[in-house]
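A.B. asks: Below you'll find protein32.cif; it's mmCIF, C-alpha atoms and all ligand atoms; chains and numbers go by the auth columns.
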```cif
data_protein
#
loop_
_atom_site.group_PDB
_atom_site.id
_atom_site.type_symbol
_atom_site.label_atom_id
_atom_site.label_comp_id
_atom_site.label_asym_id
_atom_site.label_seq_id
_atom_site.Cartn_x
_atom_site.Cartn_y
_atom_site.Cartn_z
_atom_site.B_iso_or_equiv
_atom_site.auth_seq_id
_atom_site.auth_asym_id
ATOM 1 C CA MET A 1 0.291 -12.390 -5.336 0.00 1 A
ATOM 2 C CA LYS A 2 -0.761 -14.451 -2.356 0.00 2 A
ATOM 3 C CA ILE A 3 0.894 -13.565 0.934 0.00 3 A
ATOM 4 C CA GLU A 4 0.847 -15.989 3.843 0.00 4 A
ATOM 5 C CA ILE A 5 2.047 -14.840 7.220 0.00 5 A
ATOM 6 C CA GLU A 6 2.744 -17.112 10.165 0.00 6 A
ATOM 7 C CA LYS A 7 3.940 -16.367 13.685 0.00 7 A
ATOM 8 C CA LEU A 8 5.278 -12.989 12.607 0.00 8 A
ATOM 9 C CA LYS A 9 6.893 -10.970 15.375 0.00 9 A
ATOM 10 C CA LYS A 10 8.614 -7.609 15.452 0.00 10 A
ATOM 11 C CA THR A 11 10.029 -5.811 18.479 0.00 11 A
ATOM 12 C CA TYR A 12 11.636 -2.416 18.862 0.00 12 A
ATOM 13 C CA GLU A 13 13.909 -1.965 21.883 0.00 13 A
ATOM 14 C CA GLY A 14 12.421 -5.037 23.532 0.00 14 A
ATOM 15 C CA VAL A 15 8.831 -3.888 23.017 0.00 15 A
ATOM 16 C CA MET A 16 6.579 -6.101 20.882 0.00 16 A
ATOM 17 C CA VAL A 17 5.001 -3.930 18.176 0.00 17 A
ATOM 18 C CA LEU A 18 3.671 -6.710 15.943 0.00 18 A
ATOM 19 C CA ASP A 19 2.651 -10.244 16.850 0.00 19 A
ATOM 20 C CA ILE A 20 0.519 -12.002 14.245 0.00 20 A
ATOM 21 C CA GLU A 21 -0.229 -15.706 14.535 0.00 21 A
ATOM 22 C CA ARG A 22 -1.575 -16.261 11.033 0.00 22 A
ATOM 23 C CA LEU A 23 -2.788 -14.048 8.198 0.00 23 A
ATOM 24 C CA THR A 24 -3.410 -14.560 4.491 0.00 24 A
ATOM 25 C CA ILE A 25 -3.620 -11.750 1.957 0.00 25 A
ATOM 26 C CA LYS A 26 -5.533 -12.868 -1.084 0.00 26 A
ATOM 27 C CA THR A 27 -4.158 -12.657 -4.572 0.00 27 A
ATOM 28 C CA GLY A 28 -5.618 -10.064 -6.956 0.00 28 A
ATOM 29 C CA LYS A 29 -7.562 -8.219 -4.245 0.00 29 A
ATOM 30 C CA ILE A 30 -7.235 -4.830 -2.608 0.00 30 A
ATOM 31 C CA THR A 31 -6.729 -5.317 1.131 0.00 31 A
ATOM 32 C CA ALA A 32 -6.937 -2.375 3.531 0.00 32 A
ATOM 33 C CA ILE A 33 -4.999 -2.385 6.806 0.00 33 A
ATOM 34 C CA VAL A 34 -6.763 -0.219 9.365 0.00 34 A
ATOM 35 C CA GLY A 35 -6.432 0.427 13.091 0.00 35 A
ATOM 36 C CA PRO A 36 -5.577 3.107 15.630 0.00 36 A
ATOM 37 C CA ASN A 37 -2.284 5.029 15.660 0.00 37 A
ATOM 38 C CA GLY A 38 0.622 2.837 16.670 0.00 38 A
ATOM 39 C CA ALA A 39 -1.295 -0.396 15.980 0.00 39 A
ATOM 40 C CA GLY A 40 1.516 -1.721 13.776 0.00 40 A
ATOM 41 C CA LYS A 41 -0.013 -1.073 10.346 0.00 41 A
ATOM 42 C CA SER A 42 3.118 0.430 8.740 0.00 42 A
ATOM 43 C CA THR A 43 5.273 -2.152 10.494 0.00 43 A
ATOM 44 C CA LEU A 44 3.250 -4.938 8.879 0.00 44 A
ATOM 45 C CA LEU A 45 3.420 -3.262 5.466 0.00 45 A
ATOM 46 C CA ASN A 46 7.165 -2.664 5.783 0.00 46 A
ATOM 47 C CA LEU A 47 7.751 -6.278 6.813 0.00 47 A
ATOM 48 C CA ILE A 48 5.830 -7.496 3.753 0.00 48 A
ATOM 49 C CA GLY A 49 7.834 -5.043 1.628 0.00 49 A
ATOM 50 C CA ASN A 50 11.078 -6.300 3.207 0.00 50 A
ATOM 51 C CA LEU A 51 12.025 -2.770 4.259 0.00 51 A
ATOM 52 C CA ILE A 52 12.558 -3.903 7.836 0.00 52 A
ATOM 53 C CA GLN A 53 13.650 -7.220 9.302 0.00 53 A
ATOM 54 C CA LYS A 54 11.301 -9.458 11.235 0.00 54 A
ATOM 55 C CA ASP A 55 12.338 -10.969 14.570 0.00 55 A
ATOM 56 C CA GLU A 56 10.517 -14.243 14.009 0.00 56 A
ATOM 57 C CA GLY A 57 8.045 -15.929 11.706 0.00 57 A
ATOM 58 C CA THR A 58 7.546 -16.457 8.011 0.00 58 A
ATOM 59 C CA ILE A 59 6.158 -14.469 5.125 0.00 59 A
ATOM 60 C CA LEU A 60 5.454 -16.474 1.988 0.00 60 A
ATOM 61 C CA TYR A 61 5.001 -14.785 -1.395 0.00 61 A
ATOM 62 C CA ASN A 62 3.116 -17.179 -3.674 0.00 62 A
ATOM 63 C CA GLY A 63 4.319 -19.962 -1.416 0.00 63 A
ATOM 64 C CA ASP A 64 7.980 -18.911 -1.491 0.00 64 A
ATOM 65 C CA THR A 65 10.107 -17.244 1.209 0.00 65 A
ATOM 66 C CA LYS A 66 12.146 -15.431 -1.452 0.00 66 A
ATOM 67 C CA VAL A 67 11.193 -11.739 -1.532 0.00 67 A
ATOM 68 C CA PRO A 68 9.904 -10.911 -5.039 0.00 68 A
ATOM 69 C CA GLU A 69 11.805 -7.601 -5.259 0.00 69 A
ATOM 70 C CA LYS A 70 11.228 -7.189 -9.000 0.00 70 A
ATOM 71 C CA ASP A 71 7.496 -7.851 -8.852 0.00 71 A
ATOM 72 C CA MET A 72 6.523 -5.533 -6.035 0.00 72 A
ATOM 73 C CA THR A 73 6.796 -1.887 -5.086 0.00 73 A
ATOM 74 C CA LEU A 74 5.779 0.597 -2.427 0.00 74 A
ATOM 75 C CA VAL A 75 4.131 4.012 -2.416 0.00 75 A
ATOM 76 C CA PHE A 76 4.503 6.024 0.783 0.00 76 A
ATOM 77 C CA GLN A 77 2.582 8.901 2.300 0.00 77 A
ATOM 78 C CA GLU A 78 5.471 11.218 1.397 0.00 78 A
ATOM 79 C CA PRO A 79 6.134 10.784 -2.328 0.00 79 A
ATOM 80 C CA TYR A 80 9.687 9.628 -2.898 0.00 80 A
ATOM 81 C CA LEU A 81 10.951 10.748 -6.320 0.00 81 A
ATOM 82 C CA ILE A 82 14.297 11.038 -8.066 0.00 82 A
ATOM 83 C CA GLY A 83 15.531 14.597 -8.691 0.00 83 A
ATOM 84 C CA SER A 84 14.775 14.575 -12.369 0.00 84 A
ATOM 85 C CA THR A 85 11.805 15.110 -14.699 0.00 85 A
ATOM 86 C CA VAL A 86 8.393 13.525 -14.317 0.00 86 A
ATOM 87 C CA LYS A 87 9.033 11.543 -17.500 0.00 87 A
ATOM 88 C CA LYS A 88 12.307 10.109 -16.178 0.00 88 A
ATOM 89 C CA ASN A 89 10.727 9.234 -12.861 0.00 89 A
ATOM 90 C CA ILE A 90 7.975 7.238 -14.531 0.00 90 A
ATOM 91 C CA ALA A 91 10.407 5.548 -16.926 0.00 91 A
ATOM 92 C CA TYR A 92 12.888 4.588 -14.195 0.00 92 A
ATOM 93 C CA PRO A 93 11.489 1.195 -13.079 0.00 93 A
ATOM 94 C CA MET A 94 10.890 0.204 -16.714 0.00 94 A
ATOM 95 C CA LYS A 95 14.487 1.083 -17.635 0.00 95 A
ATOM 96 C CA LEU A 96 15.750 -0.995 -14.714 0.00 96 A
ATOM 97 C CA ARG A 97 13.736 -3.895 -16.100 0.00 97 A
ATOM 98 C CA LYS A 98 15.142 -3.261 -19.583 0.00 98 A
ATOM 99 C CA TYR A 99 11.844 -2.495 -21.320 0.00 99 A
ATOM 100 C CA PHE A 100 11.996 -1.453 -24.972 0.00 100 A
ATOM 101 C CA LYS A 101 12.028 2.317 -25.553 0.00 101 A
ATOM 102 C CA GLU A 102 8.696 2.155 -27.413 0.00 102 A
ATOM 103 C CA THR A 103 7.064 0.255 -24.551 0.00 103 A
ATOM 104 C CA ILE A 104 8.379 2.805 -22.032 0.00 104 A
ATOM 105 C CA GLU A 105 6.960 5.668 -24.094 0.00 105 A
ATOM 106 C CA ALA A 106 3.596 4.026 -24.634 0.00 106 A
ATOM 107 C CA ARG A 107 3.204 3.109 -20.969 0.00 107 A
ATOM 108 C CA THR A 108 4.305 6.581 -19.823 0.00 108 A
ATOM 109 C CA GLN A 109 1.759 8.166 -22.141 0.00 109 A
ATOM 110 C CA GLU A 110 -1.016 5.878 -20.949 0.00 110 A
ATOM 111 C CA LEU A 111 -0.324 6.583 -17.270 0.00 111 A
ATOM 112 C CA THR A 112 0.120 10.322 -17.684 0.00 112 A
ATOM 113 C CA GLN A 113 -3.184 10.527 -19.534 0.00 113 A
ATOM 114 C CA GLU A 114 -4.964 8.500 -16.854 0.00 114 A
ATOM 115 C CA LEU A 115 -3.549 10.653 -14.083 0.00 115 A
ATOM 116 C CA ASN A 116 -3.790 13.956 -15.910 0.00 116 A
ATOM 117 C CA LEU A 117 -0.037 14.546 -15.777 0.00 117 A
ATOM 118 C CA GLU A 118 0.636 15.171 -19.471 0.00 118 A
ATOM 119 C CA ALA A 119 1.366 18.880 -19.078 0.00 119 A
ATOM 120 C CA LEU A 120 3.959 18.107 -16.402 0.00 120 A
ATOM 121 C CA LEU A 121 6.030 15.478 -18.233 0.00 121 A
ATOM 122 C CA ASN A 122 9.132 17.627 -18.655 0.00 122 A
ATOM 123 C CA LYS A 123 8.870 19.429 -15.347 0.00 123 A
ATOM 124 C CA LYS A 124 11.298 18.645 -12.547 0.00 124 A
ATOM 125 C CA ALA A 125 9.646 16.366 -10.003 0.00 125 A
ATOM 126 C CA ASN A 126 10.761 18.558 -7.099 0.00 126 A
ATOM 127 C CA GLN A 127 8.832 21.522 -8.556 0.00 127 A
ATOM 128 C CA LEU A 128 5.471 19.791 -8.303 0.00 128 A
ATOM 129 C CA SER A 129 2.716 20.142 -5.748 0.00 129 A
ATOM 130 C CA LEU A 130 2.325 17.336 -3.226 0.00 130 A
ATOM 131 C CA GLY A 131 -0.708 15.882 -5.020 0.00 131 A
ATOM 132 C CA GLU A 132 1.118 15.979 -8.365 0.00 132 A
ATOM 133 C CA MET A 133 4.163 14.330 -6.787 0.00 133 A
ATOM 134 C CA GLN A 134 2.007 11.559 -5.354 0.00 134 A
ATOM 135 C CA LYS A 135 0.440 10.928 -8.767 0.00 135 A
ATOM 136 C CA VAL A 136 3.941 10.687 -10.290 0.00 136 A
ATOM 137 C CA ALA A 137 5.013 8.286 -7.511 0.00 137 A
ATOM 138 C CA LEU A 138 1.973 6.187 -8.292 0.00 138 A
ATOM 139 C CA ALA A 139 2.521 6.301 -12.068 0.00 139 A
ATOM 140 C CA ARG A 140 6.104 5.192 -11.480 0.00 140 A
ATOM 141 C CA ALA A 141 4.991 2.367 -9.196 0.00 141 A
ATOM 142 C CA LEU A 142 2.381 1.164 -11.676 0.00 142 A
ATOM 143 C CA SER A 143 4.597 1.572 -14.747 0.00 143 A
ATOM 144 C CA PHE A 144 5.908 -1.999 -14.701 0.00 144 A
ATOM 145 C CA LYS A 145 2.543 -3.520 -13.684 0.00 145 A
ATOM 146 C CA PRO A 146 3.734 -4.934 -10.359 0.00 146 A
ATOM 147 C CA GLU A 147 2.164 -8.104 -9.050 0.00 147 A
ATOM 148 C CA LEU A 148 2.108 -6.574 -5.583 0.00 148 A
ATOM 149 C CA LEU A 149 1.622 -2.898 -4.740 0.00 149 A
ATOM 150 C CA LEU A 150 2.053 -1.778 -1.128 0.00 150 A
ATOM 151 C CA LEU A 151 0.586 1.608 -0.241 0.00 151 A
ATOM 152 C CA ASP A 152 1.131 3.445 3.048 0.00 152 A
ATOM 153 C CA GLU A 153 -1.533 6.137 3.428 0.00 153 A
ATOM 154 C CA PRO A 154 -1.074 7.289 -0.182 0.00 154 A
ATOM 155 C CA CYS A 155 -3.865 9.883 0.039 0.00 155 A
ATOM 156 C CA ALA A 156 -3.157 11.224 3.536 0.00 156 A
ATOM 157 C CA SER A 157 -2.426 14.821 2.480 0.00 157 A
ATOM 158 C CA ILE A 158 -4.185 14.756 -0.871 0.00 158 A
ATOM 159 C CA ASP A 159 -7.305 16.726 -1.865 0.00 159 A
ATOM 160 C CA PRO A 160 -10.571 14.897 -2.632 0.00 160 A
ATOM 161 C CA TYR A 161 -10.344 15.305 -6.420 0.00 161 A
ATOM 162 C CA THR A 162 -6.776 13.963 -6.626 0.00 162 A
ATOM 163 C CA THR A 163 -7.723 11.220 -4.165 0.00 163 A
ATOM 164 C CA SER A 164 -10.492 10.184 -6.515 0.00 164 A
ATOM 165 C CA GLU A 165 -8.072 10.155 -9.495 0.00 165 A
ATOM 166 C CA ILE A 166 -5.731 7.946 -7.475 0.00 166 A
ATOM 167 C CA GLU A 167 -8.525 5.630 -6.379 0.00 167 A
ATOM 168 C CA LYS A 168 -9.757 5.253 -9.966 0.00 168 A
ATOM 169 C CA ILE A 169 -6.380 4.141 -11.285 0.00 169 A
ATOM 170 C CA LEU A 170 -5.872 1.763 -8.361 0.00 170 A
ATOM 171 C CA MET A 171 -9.242 0.146 -9.050 0.00 171 A
ATOM 172 C CA LYS A 172 -8.482 -0.040 -12.756 0.00 172 A
ATOM 173 C CA MET A 173 -5.078 -1.672 -12.230 0.00 173 A
ATOM 174 C CA ASN A 174 -6.570 -4.091 -9.754 0.00 174 A
ATOM 175 C CA HIS A 175 -9.369 -4.986 -12.124 0.00 175 A
ATOM 176 C CA PHE A 176 -7.509 -5.225 -15.431 0.00 176 A
ATOM 177 C CA GLU A 177 -4.008 -6.254 -14.318 0.00 177 A
ATOM 178 C CA ASN A 178 -5.022 -8.293 -11.284 0.00 178 A
ATOM 179 C CA THR A 179 -2.512 -6.334 -9.181 0.00 179 A
ATOM 180 C CA THR A 180 -2.654 -7.374 -5.540 0.00 180 A
ATOM 181 C CA MET A 181 -2.715 -4.256 -3.373 0.00 181 A
ATOM 182 C CA VAL A 182 -2.242 -3.804 0.345 0.00 182 A
ATOM 183 C CA MET A 183 -3.036 -0.336 1.603 0.00 183 A
ATOM 184 C CA VAL A 184 -2.662 1.217 5.032 0.00 184 A
ATOM 185 C CA THR A 185 -5.339 3.856 5.474 0.00 185 A
ATOM 186 C CA HIS A 186 -7.007 5.858 8.234 0.00 186 A
ATOM 187 C CA ASN A 187 -9.811 6.710 5.847 0.00 187 A
ATOM 188 C CA LEU A 188 -12.542 4.145 6.445 0.00 188 A
ATOM 189 C CA ALA A 189 -14.662 5.548 3.613 0.00 189 A
ATOM 190 C CA GLN A 190 -11.731 4.941 1.291 0.00 190 A
ATOM 191 C CA ALA A 191 -11.240 1.419 2.645 0.00 191 A
ATOM 192 C CA ARG A 192 -14.910 0.782 1.989 0.00 192 A
ATOM 193 C CA ARG A 193 -14.733 2.151 -1.559 0.00 193 A
ATOM 194 C CA LEU A 194 -11.603 0.256 -2.568 0.00 194 A
ATOM 195 C CA ALA A 195 -10.985 -2.792 -0.466 0.00 195 A
ATOM 196 C CA ALA A 196 -12.345 -6.289 -0.914 0.00 196 A
ATOM 197 C CA GLU A 197 -10.702 -7.392 2.332 0.00 197 A
ATOM 198 C CA VAL A 198 -9.969 -5.519 5.550 0.00 198 A
ATOM 199 C CA ILE A 199 -7.400 -6.223 8.265 0.00 199 A
ATOM 200 C CA LEU A 200 -7.923 -4.551 11.642 0.00 200 A
ATOM 201 C CA LEU A 201 -4.892 -4.299 13.925 0.00 201 A
ATOM 202 C CA LYS A 202 -4.768 -3.164 17.523 0.00 202 A
ATOM 203 C CA LYS A 203 -1.607 -2.955 19.642 0.00 203 A
ATOM 204 C CA GLY A 204 0.270 -5.146 17.177 0.00 204 A
ATOM 205 C CA LYS A 205 -2.326 -7.903 17.201 0.00 205 A
ATOM 206 C CA LEU A 206 -4.765 -8.993 14.540 0.00 206 A
ATOM 207 C CA VAL A 207 -8.314 -8.193 15.601 0.00 207 A
ATOM 208 C CA GLU A 208 -10.044 -9.326 12.432 0.00 208 A
ATOM 209 C CA CYS A 209 -9.346 -10.074 8.781 0.00 209 A
ATOM 210 C CA CYS A 210 -12.459 -10.506 6.670 0.00 210 A
ATOM 211 C CA SER A 211 -14.306 -9.291 3.612 0.00 211 A
ATOM 212 C CA SER A 212 -15.031 -5.576 3.462 0.00 212 A
ATOM 213 C CA GLU A 213 -18.742 -6.293 3.434 0.00 213 A
ATOM 214 C CA GLN A 214 -18.539 -8.310 6.622 0.00 214 A
ATOM 215 C CA PHE A 215 -16.199 -5.801 8.242 0.00 215 A
ATOM 216 C CA PHE A 216 -18.392 -2.776 7.621 0.00 216 A
ATOM 217 C CA THR A 217 -21.873 -4.234 7.822 0.00 217 A
ATOM 218 C CA HIS A 218 -22.106 -7.407 9.848 0.00 218 A
ATOM 219 C CA SER A 219 -18.976 -8.164 11.804 0.00 219 A
ATOM 220 C CA GLU A 220 -19.587 -10.120 14.974 0.00 220 A
ATOM 221 C CA ASN A 221 -16.361 -8.846 16.507 0.00 221 A
ATOM 222 C CA GLU A 222 -17.094 -6.274 19.205 0.00 222 A
ATOM 223 C CA GLU A 223 -13.849 -4.366 18.597 0.00 223 A
ATOM 224 C CA THR A 224 -14.496 -4.202 14.853 0.00 224 A
ATOM 225 C CA LYS A 225 -18.015 -2.910 15.476 0.00 225 A
ATOM 226 C CA ARG A 226 -16.706 -0.210 17.813 0.00 226 A
ATOM 227 C CA PHE A 227 -13.924 0.767 15.418 0.00 227 A
ATOM 228 C CA VAL A 228 -16.340 1.058 12.476 0.00 228 A
ATOM 229 C CA GLN A 229 -18.583 3.267 14.628 0.00 229 A
ATOM 230 C CA GLY A 230 -15.646 5.611 15.212 0.00 230 A
ATOM 231 C CA GLU A 231 -14.846 4.666 18.785 0.00 231 A
ATOM 232 C CA LEU A 232 -11.245 4.684 19.920 0.00 232 A
ATOM 233 C CA LEU A 233 -9.895 1.198 20.506 0.00 233 A
ATOM 234 C CA ILE A 234 -7.802 1.116 23.679 0.00 234 A
HETATM 235 N N1 LIG B . 11.969 2.564 13.954 0.00 301 A
HETATM 236 C C1 LIG B . 11.284 2.418 15.095 0.00 301 A
HETATM 237 N N2 LIG B . 11.899 2.421 16.283 0.00 301 A
HETATM 238 C C2 LIG B . 11.226 2.250 17.453 0.00 301 A
HETATM 239 N N3 LIG B . 9.884 2.076 17.508 0.00 301 A
HETATM 240 C C3 LIG B . 9.213 2.073 16.344 0.00 301 A
HETATM 241 C C4 LIG B . 9.870 2.234 15.089 0.00 301 A
HETATM 242 N N4 LIG B . 8.934 2.188 14.104 0.00 301 A
HETATM 243 C C5 LIG B . 7.750 2.005 14.729 0.00 301 A
HETATM 244 N N5 LIG B . 7.908 1.929 16.054 0.00 301 A
HETATM 245 C C6 LIG B . 6.854 1.712 17.058 0.00 301 A
HETATM 246 O O1 LIG B . 6.100 0.590 16.654 0.00 301 A
HETATM 247 C C7 LIG B . 4.714 0.781 16.927 0.00 301 A
HETATM 248 C C8 LIG B . 3.912 0.564 15.656 0.00 301 A
HETATM 249 O O2 LIG B . 4.232 1.594 14.742 0.00 301 A
HETATM 250 P P1 LIG B . 3.581 1.682 13.296 0.00 301 A
HETATM 251 O O3 LIG B . 4.195 2.853 12.612 0.00 301 A
HETATM 252 O O4 LIG B . 3.664 0.372 12.648 0.00 301 A
HETATM 253 O O5 LIG B . 2.049 1.974 13.670 0.00 301 A
HETATM 254 P P2 LIG B . 0.874 2.469 12.727 0.00 301 A
HETATM 255 O O6 LIG B . -0.298 1.622 13.064 0.00 301 A
HETATM 256 O O7 LIG B . 1.314 2.498 11.313 0.00 301 A
HETATM 257 O O8 LIG B . 0.651 3.936 13.297 0.00 301 A
HETATM 258 P P3 LIG B . 0.113 5.314 12.624 0.00 301 A
HETATM 259 O O9 LIG B . -1.322 5.080 12.296 0.00 301 A
HETATM 260 O O10 LIG B . 0.280 6.288 13.743 0.00 301 A
HETATM 261 O O11 LIG B . 0.966 5.613 11.435 0.00 301 A
HETATM 262 C C9 LIG B . 4.588 2.178 17.515 0.00 301 A
HETATM 263 O O12 LIG B . 4.474 2.090 18.891 0.00 301 A
HETATM 264 C C10 LIG B . 5.864 2.860 17.095 0.00 301 A
HETATM 265 O O13 LIG B . 6.244 3.817 18.028 0.00 301 A
#
```
Represent the structure from my file as C-alpha cells, please.
C.D. replies:
Amino acid sequence: MKIEIEKLKKTYEGVMVLDIERLTIKTGKITAIVGPNGAGKSTLLNLIGNLIQKDEGTILYNGDTKVPEKDMTLVFQEPYLIGSTVKKNIAYPMKLRKYFKETIEARTQELTQELNLEALLNKKANQLSLGEMQKVALARALSFKPELLLLDEPCASIDPYTTSEIEKILMKMNHFENTTMVMVTHNLAQARRLAAEVILLKKGKLVECCSSEQFFTHSENEETKRFVQGELLI
C-alpha cells in the first residue's frame, strides 16, 4: 500500500510535535522510522494508523483519503491481546472478516508453526511470557494478510532468539505477500536487516527518507551520518 503524506501537522497543547512537508512510503517495502526519543516516530505511525487525529495535512492510502481500516493493522511494543486463548486471538481478525472455518484453521496452523506457538494454542493469552504474547499479537496481525502492517517497536523487550523469529516472519510476509510494513525501531541493526527504506525524524521534522543502503553507507546528510555513528541528535 502506497502512503503519501503532505503538509502533515500534529500539535499537543500548542506544541508542534510533527511537521512533515512531504513523504512517500513505498508499496510492498519495509520502511523503518528511526530517530531520537520524542522525535515524533510513534506520532507519525499513529497518524498513519488513524489512531490519533491530525491537525492539518493529508495522508493518502493508495491515492485515497479513506482510511483502509480492514486492510491494515498495528502491533505495539506492549502486546495487546483479548483475554482468551491463543487460538481465539489469532482467529479473531479472520472471524471479523468472515473467513471460512477451514481457512481460519489452516492459517492459524501455518502461523503457529512458523512462530513456534503450537504448544500454546489452547493456553490463555494472559498466561504467556512477553515474547510469546508478542508472537501471538504478530500472528493475529498477520492472520488476514494485511496490505499494511504498522509496527511500533515490536521487539523492544524481546530476547534475541524471539526477535529473530519475528524478523523472519516479517521478511517472509513482506516477500511472499507483498505486505507493506512501517516499523518504528530504536534498533539500527534491526532497521538495517529488515528495511528497504529508512525515515529519520528529529524534533518532529523529516531529516531524511532514502533507501537503507544510502542511509547506512553513503548518506550525504550530516545529521544522518551522525545518527548512524551513534551520536545524539540535538
Ligand atoms: N498524548 C500526548 N499528549 C501530549 N504530548 C504527547 C502525547 N503523545 C506524544 N506527545 C509528545 O509528542 C512528542 C513526540 O512523541 P512520540 O511518542 O511520537 O516520539 P517518539 O519519537 O516515538 O519517542 P520515543 O522514541 O521516546 O518513543 C513528544 O515530545 C511527546 O512528549
A.B. asks: Rank nothing, just name the residue among A:Ile30, A:Leu96, A:Leu188, A:Leu150 nearest to Leu44 of chain A, using all atoms listed in the file.
C.D. replies: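 Closest candidate: A:Leu150.
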A.B. asks: Within 10 Å of ligand LIG 301 (chain A), counting only C-alpha atoms and all ligand atoms: which residues, as number ranges by chain?
C.D. replies: A: 10-18, 33-47, 52, 77, 152-153, 184-186, 200-204
A.B. asks: Any idea what's packed within 7 Å of segment 135-144 of chain A, counting only C-alpha atoms, ignoring anything in its chain fewer than 2 positions away? Could you give it as a PyMOL selection string?
C.D. replies: chain A and resi 73+75+79-81+86+89-91+93-94+107+111+115+131-133+146+166
A.B. asks: In terms of the shortest atom-to-atom distance over all atoms listed in the file, which of A:Lys70, A:Lys29, A:Lys225, A:Arg97 is closest to Lys172 of chain A?
C.D. replies: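 Counting all atoms listed in the file, the residue closest to Lys172 of chain A is A:Lys29.
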A.B. asks: Output as a Markdown table one row per residue of segment 88-197 of chain A within 10 Å of segment 216-221 of chain A: the closest atom pair and its distance in Å to one decimal place, counting only C-alpha atoms, sorted by chain and residue number ascending.
C.D. replies:
```
| residue | atom | partner | partner_atom | distance |
| --- | --- | --- | --- | --- |
| A:Leu188 | CA | A:Phe216 | CA | 9.1 |
| A:Ala189 | CA | A:Phe216 | CA | 10.0 |
| A:Ala191 | CA | A:Phe216 | CA | 9.7 |
| A:Arg192 | CA | A:Phe216 | CA | 7.5 |
```
A.B. asks: Is it possible to add N, CA and C atoms to segment 219-231 of chain A and hand it back as a PDB file, in the coordinates of the input?
C.D. replies:
```pdb
ATOM      1  N   SER A 219     -19.994  -7.475  11.017  1.00  0.00           N
ATOM      2  CA  SER A 219     -18.976  -8.164  11.804  1.00  0.00           C
ATOM      3  C   SER A 219     -19.566  -8.553  13.168  1.00  0.00           C
ATOM      4  N   GLU A 220     -19.124  -9.683  13.652  1.00  0.00           N
ATOM      5  CA  GLU A 220     -19.587 -10.120  14.974  1.00  0.00           C
ATOM      6  C   GLU A 220     -18.565  -9.731  16.040  1.00  0.00           C
ATOM      7  N   ASN A 221     -17.430  -9.200  15.572  1.00  0.00           N
ATOM      8  CA  ASN A 221     -16.361  -8.846  16.507  1.00  0.00           C
ATOM      9  C   ASN A 221     -16.678  -7.496  17.169  1.00  0.00           C
ATOM     10  N   GLU A 222     -16.705  -7.498  18.477  1.00  0.00           N
ATOM     11  CA  GLU A 222     -17.094  -6.274  19.205  1.00  0.00           C
ATOM     12  C   GLU A 222     -16.139  -5.116  18.916  1.00  0.00           C
ATOM     13  N   GLU A 223     -14.826  -5.439  18.837  1.00  0.00           N
ATOM     14  CA  GLU A 223     -13.849  -4.366  18.597  1.00  0.00           C
ATOM     15  C   GLU A 223     -13.996  -3.800  17.183  1.00  0.00           C
ATOM     16  N   THR A 224     -14.264  -4.687  16.218  1.00  0.00           N
ATOM     17  CA  THR A 224     -14.496  -4.202  14.853  1.00  0.00           C
ATOM     18  C   THR A 224     -15.713  -3.288  14.842  1.00  0.00           C
ATOM     19  N   LYS A 225     -16.783  -3.712  15.487  1.00  0.00           N
ATOM     20  CA  LYS A 225     -18.015  -2.910  15.476  1.00  0.00           C
ATOM     21  C   LYS A 225     -17.751  -1.531  16.069  1.00  0.00           C
ATOM     22  N   ARG A 226     -17.000  -1.506  17.170  1.00  0.00           N
ATOM     23  CA  ARG A 226     -16.706  -0.210  17.813  1.00  0.00           C
ATOM     24  C   ARG A 226     -15.825   0.642  16.916  1.00  0.00           C
ATOM     25  N   PHE A 227     -14.843   0.015  16.288  1.00  0.00           N
ATOM     26  CA  PHE A 227     -13.924   0.767  15.418  1.00  0.00           C
ATOM     27  C   PHE A 227     -14.683   1.370  14.233  1.00  0.00           C
ATOM     28  N   VAL A 228     -15.565   0.583  13.636  1.00  0.00           N
ATOM     29  CA  VAL A 228     -16.340   1.058  12.476  1.00  0.00           C
ATOM     30  C   VAL A 228     -17.264   2.210  12.887  1.00  0.00           C
ATOM     31  N   GLN A 229     -17.717   2.175  14.143  1.00  0.00           N
ATOM     32  CA  GLN A 229     -18.583   3.267  14.628  1.00  0.00           C
ATOM     33  C   GLN A 229     -17.786   4.497  15.062  1.00  0.00           C
ATOM     34  N   GLY A 230     -16.466   4.428  14.926  1.00  0.00           N
ATOM     35  CA  GLY A 230     -15.646   5.611  15.212  1.00  0.00           C
ATOM     36  C   GLY A 230     -15.194   5.711  16.652  1.00  0.00           C
ATOM     37  N   GLU A 231     -15.333   4.628  17.396  1.00  0.00           N
ATOM     38  CA  GLU A 231     -14.846   4.666  18.785  1.00  0.00           C
ATOM     39  C   GLU A 231     -13.361   4.361  18.808  1.00  0.00           C
TER      40      GLU A 231
END
```
